[in-house]
Structures are given as structure tokens and as C-alpha cells.
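Next comes target-v5.csv, with CSV, C-alpha atoms.
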chain,number,residue,atom,x,y,z
S,10,MET,CA,122.9,51.2,167.2
S,11,LYS,CA,120.5,54.1,167.8
S,12,ARG,CA,122.5,56.3,165.5
S,13,THR,CA,122.4,53.7,162.7
S,14,GLY,CA,118.6,53.6,162.9
S,15,VAL,CA,118.3,57.3,162.8
S,16,PHE,CA,120.7,57.5,159.9
S,17,LEU,CA,118.8,54.8,157.9
S,18,ALA,CA,115.4,56.5,158.6
S,19,ALA,CA,116.8,59.9,157.4
S,20,LEU,CA,118.3,58.2,154.3
S,21,ALA,CA,114.9,56.6,153.5
S,22,MET,CA,113.1,59.9,154.0
S,23,SER,CA,115.5,61.7,151.7
S,24,ALA,CA,115.1,59.0,149.1
S,25,LEU,CA,111.4,59.3,149.2
S,26,GLY,CA,111.6,63.0,148.9
S,27,ALA,CA,113.9,62.7,145.8
S,28,ALA,CA,111.7,60.2,144.0
S,29,PRO,CA,109.8,61.7,141.1
S,30,ALA,CA,106.1,62.0,141.5
S,31,PHE,CA,104.2,59.9,138.9
S,32,ALA,CA,101.8,61.9,136.7
S,33,ALA,CA,98.1,61.0,136.7
S,34,ASN,CA,96.9,58.7,133.9
S,35,VAL,CA,95.5,60.1,130.7
S,36,TYR,CA,91.9,60.1,132.0
S,37,GLU,CA,92.7,61.8,135.3
S,38,THR,CA,94.9,64.4,133.4
S,39,LEU,CA,92.1,65.2,131.0
S,40,LYS,CA,89.6,65.5,133.9
S,41,SER,CA,91.8,67.9,135.8
S,42,ASN,CA,92.4,70.2,132.8
S,43,PRO,CA,89.5,72.6,132.2
S,44,GLN,CA,90.0,72.7,128.4
S,45,PHE,CA,88.8,69.1,128.3
S,46,SER,CA,85.7,69.2,130.5
S,47,THR,CA,83.3,68.4,127.7
S,48,LEU,CA,85.5,65.6,126.4
S,49,THR,CA,85.6,64.0,129.9
S,50,LYS,CA,81.8,64.3,130.2
S,51,ILE,CA,81.5,62.4,126.8
S,52,ILE,CA,83.9,59.8,128.0
S,53,GLU,CA,81.9,59.2,131.2
S,54,ALA,CA,78.5,59.2,129.4
S,55,ASN,CA,79.7,56.5,127.1
S,56,ASP,CA,81.5,54.3,129.7
S,57,LEU,CA,84.9,54.6,128.1
S,58,LYS,CA,87.0,55.8,131.1
S,59,PHE,CA,88.9,52.5,131.2
S,60,ARG,CA,90.2,53.1,127.7
S,61,TYR,CA,92.1,56.2,128.9
S,62,THR,CA,93.6,54.5,132.0
S,63,GLU,CA,95.1,51.4,130.5
S,64,GLY,CA,98.0,50.8,128.2
S,65,SER,CA,100.4,53.2,126.5
S,66,ILE,CA,98.3,55.6,124.4
S,67,THR,CA,98.3,58.9,122.6
S,68,VAL,CA,95.0,60.8,122.6
S,69,PHE,CA,94.3,63.5,120.0
S,70,ALA,CA,91.9,65.3,122.3
S,71,PRO,CA,89.4,67.8,121.1
S,72,THR,CA,89.3,70.8,123.4
S,73,ASP,CA,86.1,72.3,124.7
S,74,GLU,CA,86.4,75.0,122.0
S,75,ALA,CA,86.7,72.4,119.3
S,76,LEU,CA,83.6,70.5,120.6
S,77,ALA,CA,81.6,73.7,120.9
S,78,ASN,CA,82.3,74.4,117.2
S,79,GLN,CA,81.4,70.8,116.1
S,80,PRO,CA,78.9,70.9,113.3
S,81,GLY,CA,75.6,69.4,114.6
S,82,GLY,CA,76.9,69.7,118.2
S,83,VAL,CA,77.7,67.0,120.7
S,84,ASP,CA,74.5,66.8,122.7
S,85,ASP,CA,73.8,63.3,121.4
S,86,MET,CA,77.2,62.1,122.6
S,87,LEU,CA,76.6,63.5,126.1
S,88,SER,CA,73.5,61.6,127.0
S,89,GLY,CA,74.6,58.0,126.6
S,90,ASP,CA,70.9,56.9,126.7
S,91,ASN,CA,70.4,55.9,123.0
S,92,PRO,CA,72.4,52.8,122.1
S,93,SER,CA,73.0,54.0,118.5
S,94,ASN,CA,74.3,57.4,119.7
S,95,LYS,CA,76.4,55.6,122.3
S,96,GLU,CA,77.9,53.3,119.6
S,97,ASN,CA,78.7,56.3,117.4
S,98,ALA,CA,80.2,58.3,120.3
S,99,ARG,CA,82.4,55.3,121.2
S,100,ALA,CA,83.6,54.9,117.6
S,101,LEU,CA,84.6,58.6,117.4
S,102,LEU,CA,86.4,58.6,120.8
S,103,LEU,CA,88.3,55.4,120.0
S,104,TYR,CA,89.3,56.9,116.6
S,105,SER,CA,91.0,59.7,118.5
S,106,ILE,CA,93.3,57.3,120.4
S,107,VAL,CA,96.3,55.5,119.0
S,108,SER,CA,98.5,52.9,120.6
S,109,GLY,CA,101.9,53.9,122.0
S,110,ARG,CA,103.3,57.2,123.1
S,111,MET,CA,103.8,59.8,120.4
S,112,THR,CA,104.8,63.4,120.8
S,113,PRO,CA,104.6,66.2,118.2
S,114,ALA,CA,108.4,66.3,118.1
S,115,GLN,CA,108.4,62.6,117.0
S,116,LEU,CA,105.7,63.3,114.4
S,117,ASP,CA,107.2,66.5,113.0
S,118,GLY,CA,108.4,66.4,109.4
S,119,LYS,CA,107.0,63.0,108.4
S,120,VAL,CA,103.8,61.2,107.6
S,121,THR,CA,102.9,58.4,110.1
S,122,GLU,CA,100.3,55.7,109.9
S,123,ALA,CA,99.0,54.5,113.2
S,124,THR,CA,96.4,52.0,114.5
S,125,THR,CA,93.5,53.5,116.4
S,126,LEU,CA,91.8,51.9,119.3
S,127,GLN,CA,88.8,51.7,116.9
S,128,ARG,CA,91.1,49.2,115.1
S,129,GLY,CA,91.4,51.2,111.9
S,130,LYS,CA,94.4,53.1,110.5
S,131,VAL,CA,94.9,56.8,110.7
S,132,LYS,CA,97.3,59.1,108.9
S,133,ILE,CA,99.2,61.7,111.0
S,134,ASP,CA,100.7,64.3,108.7
S,135,GLY,CA,103.7,66.0,110.4
S,136,THR,CA,104.8,67.6,107.2
S,137,GLN,CA,101.9,70.1,107.7
S,138,THR,CA,102.0,73.0,110.2
S,139,PRO,CA,100.2,72.4,112.4
S,140,ILE,CA,100.4,68.6,112.5
S,141,HIS,CA,97.2,67.1,111.0
S,142,TYR,CA,95.5,64.0,112.4
S,143,GLY,CA,93.1,62.0,110.2
S,144,HIS,CA,91.4,62.6,106.9
S,145,SER,CA,92.2,65.9,105.1
S,146,GLN,CA,88.6,67.1,105.3
S,147,PHE,CA,87.3,65.5,108.5
S,148,GLY,CA,90.5,65.4,110.6
S,149,ALA,CA,91.9,67.8,113.2
S,150,ASN,CA,94.9,70.0,113.6
S,151,VAL,CA,97.2,70.1,116.7
S,152,SER,CA,96.2,73.2,118.6
S,153,GLY,CA,98.4,73.1,121.7
S,154,ASP,CA,101.3,71.7,123.5
S,155,ALA,CA,101.4,68.0,124.3
S,156,ILE,CA,100.6,67.0,127.9
S,157,GLU,CA,102.4,64.0,129.5
S,158,ALA,CA,100.5,61.5,131.6
S,159,SER,CA,101.7,58.3,133.3
S,160,ASN,CA,100.3,56.0,130.6
S,161,GLY,CA,100.5,58.3,127.5
S,162,VAL,CA,100.4,61.6,125.8
S,163,ILE,CA,97.5,64.0,125.3
S,164,ILE,CA,97.7,66.2,122.2
S,165,PRO,CA,95.0,68.9,122.0
S,166,VAL,CA,93.3,69.3,118.6
S,167,ASP,CA,91.0,71.8,117.1
S,168,ALA,CA,88.2,69.4,116.0
S,169,LEU,CA,86.7,66.0,116.6
S,170,PRO,CA,88.3,63.8,114.0
S,171,ILE,CA,85.9,61.7,112.1
S,172,PRO,CA,86.9,58.5,110.3
S,173,VAL,CA,86.4,58.2,106.6
S,174,PHE,CA,86.0,54.8,105.1
S,175,ASP,CA,86.7,53.6,101.6
S,176,LYS,CA,84.4,55.1,99.0
S,177,GLU,CA,84.1,51.9,97.1
S,178,THR,CA,81.0,49.8,97.8
S,179,PRO,CA,81.5,46.1,97.7
S,180,LYS,CA,79.9,44.4,94.6
S,181,VAL,CA,76.9,42.3,95.3
S,182,PRO,CA,76.9,39.0,93.3
S,183,ALA,CA,74.2,38.9,90.6
S,184,ALA,CA,71.1,36.8,91.5
S,185,GLN,CA,70.9,33.5,89.6

Before anything else, please render the file you have as C-alpha cells.
Amino acid sequence: MKRTGVFLAALAMSALGAAPAFAANVYETLKSNPQFSTLTKIIEANDLKFRYTEGSITVFAPTDEALANQPGGVDDMLSGDNPSNKENARALLLYSIVSGRMTPAQLDGKVTEATTLQRGKVKIDGTQTPIHYGHSQFGANVSGDAIEASNGVIIPVDALPIPVFDKETPKVPAAQ
């Protein structure tokens, strides 16, 4: 009887040792990677941490180098004090996140349209080298290897993608 207990305990210990360790979620993975320190500060300043911890997502994440080269800088995105700046920062961050797990290998060689967490559509052009995310002028290029997390994929990019809306202004009805 004692042998059976020892055997079962040893079996359980070896099974636990063989089980794969789960990766951290997207937010924790970003936070632990020094190339995304500015991005995680912006996420925290704008109360968006939960968007990176829930659901299955792909984040086209601007690196510190990309954010340092952002025209106009990112200081207004780091404070979180001004409601207008906070709303703009949230829109930009949510535009960089799409639903579902995507890898560069899945995107390579085709043009994909995805829905962002900002609720808009974005074009991901895998026919270009490097893969391009967003508008041709205000988008970003993949700048590094994808990083797996428990709830998604992080794809480093060389700029902060900015959404571009239709150029057409709705017509205002004539006054009667």
C-alpha cells in the first residue's frame, strides 16, 4: 500500500514537471519586454491594461524606438490627465489591436482586413515586405519577430498606426 502511494506521488510529480508552462498574457509579456516600456506606460496611464489581458488578440505594438520617433511625441499620451488626450490615446491604442491570433506567417502573401478593438476595419498588407499594418501613409511596418502570449500575439511595428477615416464629408440638408 505504501509503495502504491509513493508511486502515485512520483507519477503526479513527473506529470506536473512535464506540463508546459503557460506564457504570460499580452500585457504582462509587453511589460516584461524592455522594447515596449513606453507602450506599457501609455497603456497604464490610459487605464487600458484590461484590453491586453482578455480575449484572443493580436497587438501591432510600437516599440520604444518607434514611439521616440513619433512626430509630435507621445508626452500627451503618457499623462492621462486631460480627458481629450486620454480619449485620443485610447483610440490609437485600440486601433493597434485586432481580434484573434494572427502571426506574420498567416498574413504573409495576402491582404487581410481585420476588425480593431476600436471597432473599425484595418488593412494588413502581407504582400509587402515588411508586412504593413493600416493606412499606406499613417500605418506601420512589422519590425521584429512575433512574440506569443497566453491570450494572443504581439507583433512589433516601427510606428504608431493612426486610423484614417473616409475623406468624404456627409452632406448637410439644405435649410428650408

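Rounded to one decimal, CA of Thr121 (chain S) and CA of Ala33 (chain S) lie 27.2 Å from each other.
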
Do you have, as CSV, the list of residues of region 27-101 of chain S lying at most 8 Å from region 138-160 of chain S, each with its nearest atom pair and that distance in Å to one decimal, counting all atoms listed in the file and ordered by chain then number?
residue,atom,partner,partner_atom,distance
S:Phe31,CA,S:Ser159,CA,6.3
S:Ala32,CA,S:Ser159,CA,5.0
S:Ala33,CA,S:Ser159,CA,5.6
S:Asn34,CA,S:Ser159,CA,4.9
S:Val35,CA,S:Ala158,CA,5.3
S:Thr38,CA,S:Ala158,CA,6.6
S:Thr62,CA,S:Asn160,CA,7.0
S:Glu63,CA,S:Asn160,CA,6.9
S:Gly64,CA,S:Asn160,CA,6.2
S:Ser65,CA,S:Asn160,CA,5.0
S:Ile66,CA,S:Asn160,CA,6.5
S:Phe69,CA,S:Tyr142,CA,7.7

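Restricting the calculation to only C-alpha atoms, the smallest distance between Ser88 (chain S) and any of S:Thr124, S:Ile51, S:Leu57, S:Leu101 is found for S:Ile51.
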
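Each of S:Gly129, S:Pro92, S:Pro43, S:Pro71 was compared to Tyr104 (chain S) using all atoms listed in the file, and S:Gly129 turns out to be the nearest.
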
> Between CA of Asp90 (chain S) and CA of Ala70 (chain S), what is the spacing in Å?
Replying inline: 23.0 Å

>> Let me make sure I understand: among S:Leu87, S:Val120, S:Ala100, S:Val107, which one has the smallest atom-to-atom distance to Val173 (chain S) if we use only C-alpha atoms?
In response: S:Ala100

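CA of Asn97 (chain S) to CA of Asn55 (chain S) spans 9.8 Å [interatomic distance, one decimal].
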
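The point (103.6, 66.0, 106.1) has these residues within 6 Å of it when only C-alpha atoms are used: Gly118, Lys119, Val120, Asp134, Gly135, Thr136 and Gln137 of chain S.
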
So that I can check the surroundings of Lys58 (chain S), please list as a PDB file with C-alpha atoms, keeping the file's coordinate frame every protein, DNA and RNA residue that reaches within 12 Å of it, counting all atoms listed in the file and ignoring chain neighbours fewer than 5 positions away.
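So the final result, stored in selection-v2.pdb, reads:
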ATOM      1  CA  ASN S  34      96.900  58.700 133.900  1.00  0.00           C
ATOM      2  CA  VAL S  35      95.500  60.100 130.700  1.00  0.00           C
ATOM      3  CA  TYR S  36      91.900  60.100 132.000  1.00  0.00           C
ATOM      4  CA  GLU S  37      92.700  61.800 135.300  1.00  0.00           C
ATOM      5  CA  THR S  38      94.900  64.400 133.400  1.00  0.00           C
ATOM      6  CA  LEU S  39      92.100  65.200 131.000  1.00  0.00           C
ATOM      7  CA  LYS S  40      89.600  65.500 133.900  1.00  0.00           C
ATOM      8  CA  LEU S  48      85.500  65.600 126.400  1.00  0.00           C
ATOM      9  CA  THR S  49      85.600  64.000 129.900  1.00  0.00           C
ATOM     10  CA  LYS S  50      81.800  64.300 130.200  1.00  0.00           C
ATOM     11  CA  ILE S  51      81.500  62.400 126.800  1.00  0.00           C
ATOM     12  CA  ILE S  52      83.900  59.800 128.000  1.00  0.00           C
ATOM     13  CA  GLU S  53      81.900  59.200 131.200  1.00  0.00           C
ATOM     14  CA  GLU S  63      95.100  51.400 130.500  1.00  0.00           C
ATOM     15  CA  ARG S  99      82.400  55.300 121.200  1.00  0.00           C
ATOM     16  CA  LEU S 102      86.400  58.600 120.800  1.00  0.00           C
ATOM     17  CA  LEU S 103      88.300  55.400 120.000  1.00  0.00           C
TER      18      LEU S 103
END

>> Within 9 Å of (89.2, 72.8, 122.8) in the file's own coordinates, which protein, DNA or RNA residues have an atom, counting all atoms listed in the file? List them as number ranges by chain.
In response: S: 44-45, 47-48, 70-77, 152, 165-168

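Between Arg60 (chain S) and the candidates S:Gly161, S:Pro172, S:Gly89, S:Pro113, the tightest atom-to-atom separation, counting all atoms listed in the file, involves S:Gly161.
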
> Using all atoms listed in the file, which residue out of S:Lys130, S:Ile171, S:Ile106, S:Asp85 lies closest to Tyr61 (chain S)?
Replying inline: S:Ile106
